[in-house]
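Data first, discussion second: the structure below is written as structure tokens.
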Amino acid sequence: QAAPSLPFDQAFWSKSKQFRVTGPQTRRLLPAAQNNSNEPQTVALNAPELAITCERIKNALLRELDATDQWRGRVYVSIRPFEAGNNDIVYASTLYQDGWHYRMSVPDVVESVKLVRGLVQVLLLEMANRESRGRCAEIPIWLREGFTELLLANQQRETLILESTPFKSEVAANLWKVEALVREQVRADTLARARAWLHEHQPFTFSHLNAPLEDHLRGGMWETYRYSAHLFLHELLRLPGGPRALQATVRQLPHYYNSQFALLNGFQSRFGSALDIEKWWSVTVINFAARDEQRRLPIDSGLKSLAAILLPSVEVATGTNALPQRAEMTLATMLERVDFDLQKAALRTILRQLEALQGNVTPELLNLIQDYRVALELYLHRREKLGGGKGVSVSARSIVRDTLQQLSLLDQLREDFKRLSATTASAETTQNPQ
């Protein structure tokens, strides 16, 4: 039996012609209870305004990805009457001779977060499937939720979901002028909600972000997952070339059943393995937990981040015919036992991480981190100038020996910082007992 249609259904094209929205011209009036601030924000939809909303959410997503609009797959959106127990957004992907097309069925009364999430899901699918003529991409939940939270957090700077006066045919031509309005608003901390929640809840690890059992994530666990995904995506976008690397990640999704490989492919210049991403994420979480918008990392947290960075992950051979495996090792072990060609990628990663850490620590640690950077940059420069070749020359051994002496002195200084930090914390506890 066909679902009932809303009265006066009409079709409206979005500005770019990517979205064709079928539904009523007017919105139903929400009851006063829907405006309760303790309830999820709910919006009533009509076809012309939803067409504009689709474009706004697409444009916001493109801005975050630093991408231009090059859509290929059309999205056909239909608005259906709200029914209790059947208020989910339903979508389908179909491959035709001219490419992928997408359909969405949206209730005429829906929570804002569900609407943004549904459109983000379909938009990411369309981006991923543009070159695919076989398997439909699977969008990782962390990517969908990360962008959903990011776009919703940015609403203070731009209104994503259009809620204007009821549609009138005589002003249809002027609806697009809304897009040209200039809003002067103070830049907000877009991580404010994530910051408040993750201050009280441990963020998900990278491996858990990639393998959630969505049906099992209830209540606070689901909130923790959403805000972890928001922070994870936010920090990926902050990396040099992050937006373009995420574009590459999305394009790779149809080629992999495990989205981790698509992420590694997209960020291949920065991460060599899932372990590298896990380490970077661990350092990021420590940094995030220890600072807010105005405060830098305290010494103890800065030292923990530094220690994590100075344990590189390097590919090592475990046998003559065995595939190389990634393993953590100290800098000294790596410089002494690993071929220089394998060292270079790890050292460049360490130098980038040290540079990023310098912007988040107290002045006491700045010089120490800078000294590590200088020692490693000098080592890299001297070894590269020496040239390649099989084996380790006498000159290379001399460079390694000099560098290890410098690193040993810096490690001793780092231990002094740790003792000083522990002593200071103990003294503060004695002076201010609970």
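For the structure tokens, the naming scheme is as follows: chains receive sequential letters (A, B, ...) according to their order of presentation, residues are indexed from 1 within each chain, and ligands are indexed from 1 in presentation order.
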- Query: What's the 9 Å shell around Arg135 in chain A, counting only C-alpha atoms, without same-chain residues fewer than 4 positions away, as number ranges by chain?
  - Reply: A: 129, 254-255
Go through range 366-400 of chain A residue by residue and, counting only C-alpha atoms, keep those with an atom at most 10 Å from range 297-315 of chain A; for each kept residue give the shortest atom pair and its distance in Å to one decimal, ordered by chain and increasing number, as a Markdown table.
| residue | atom | partner | partner_atom | distance |
| --- | --- | --- | --- | --- |
| A:Leu366 | CA | A:Gly302 | CA | 9.9 |
| A:Leu368 | CA | A:Leu306 | CA | 9.9 |
| A:Ile369 | CA | A:Leu306 | CA | 7.8 |
| A:Tyr372 | CA | A:Leu310 | CA | 9.4 |
Please write the residues from the selection above to a file, keeping N, CA and C atoms, as a PDB file, in the first residue's frame.
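Result went into again-v8.pdb, see below:
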ATOM      1  N   LEU A 366      59.573  24.664  25.837  1.00  0.00           N
ATOM      2  CA  LEU A 366      59.833  25.061  24.447  1.00  0.00           C
ATOM      3  C   LEU A 366      61.267  24.772  24.025  1.00  0.00           C
ATOM      4  N   LEU A 368      63.458  22.686  25.325  1.00  0.00           N
ATOM      5  CA  LEU A 368      63.762  21.261  25.294  1.00  0.00           C
ATOM      6  C   LEU A 368      63.274  20.633  23.984  1.00  0.00           C
ATOM      7  N   ILE A 369      62.054  20.940  23.599  1.00  0.00           N
ATOM      8  CA  ILE A 369      61.509  20.385  22.362  1.00  0.00           C
ATOM      9  C   ILE A 369      62.287  20.902  21.154  1.00  0.00           C
ATOM     10  N   TYR A 372      65.494  18.943  20.790  1.00  0.00           N
ATOM     11  CA  TYR A 372      65.256  17.647  20.134  1.00  0.00           C
ATOM     12  C   TYR A 372      65.120  17.839  18.630  1.00  0.00           C
TER      13      TYR A 372
END
- DSSP on the backbone, then: every residue of range 205-392 of chain A marked strand (DSSP E), written as a PyMOL selection string. chain A and resi 313-316+325-328
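The coordinates place CA of Phe261 in chain A at 13.0 Å from CA of Ala245 in chain A.
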- Message: I need the alpha helix (DSSP H) residues of range 52-251 of chain A per DSSP on the backbone, written as a PyMOL selection string.
- Response: chain A and resi 52-65+112-128+141-153+192-198+206-210+220-238+242-251
- Task: Go through A:His234, A:Lys279, A:Arg348, A:Arg133 and flag the residue nearest Glu328 in chain A, using only C-alpha atoms for the distances.
- Result: A:Lys279
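Note that CA of Arg238 in chain A and CA of Ile286 in chain A are 16.4 Å apart.
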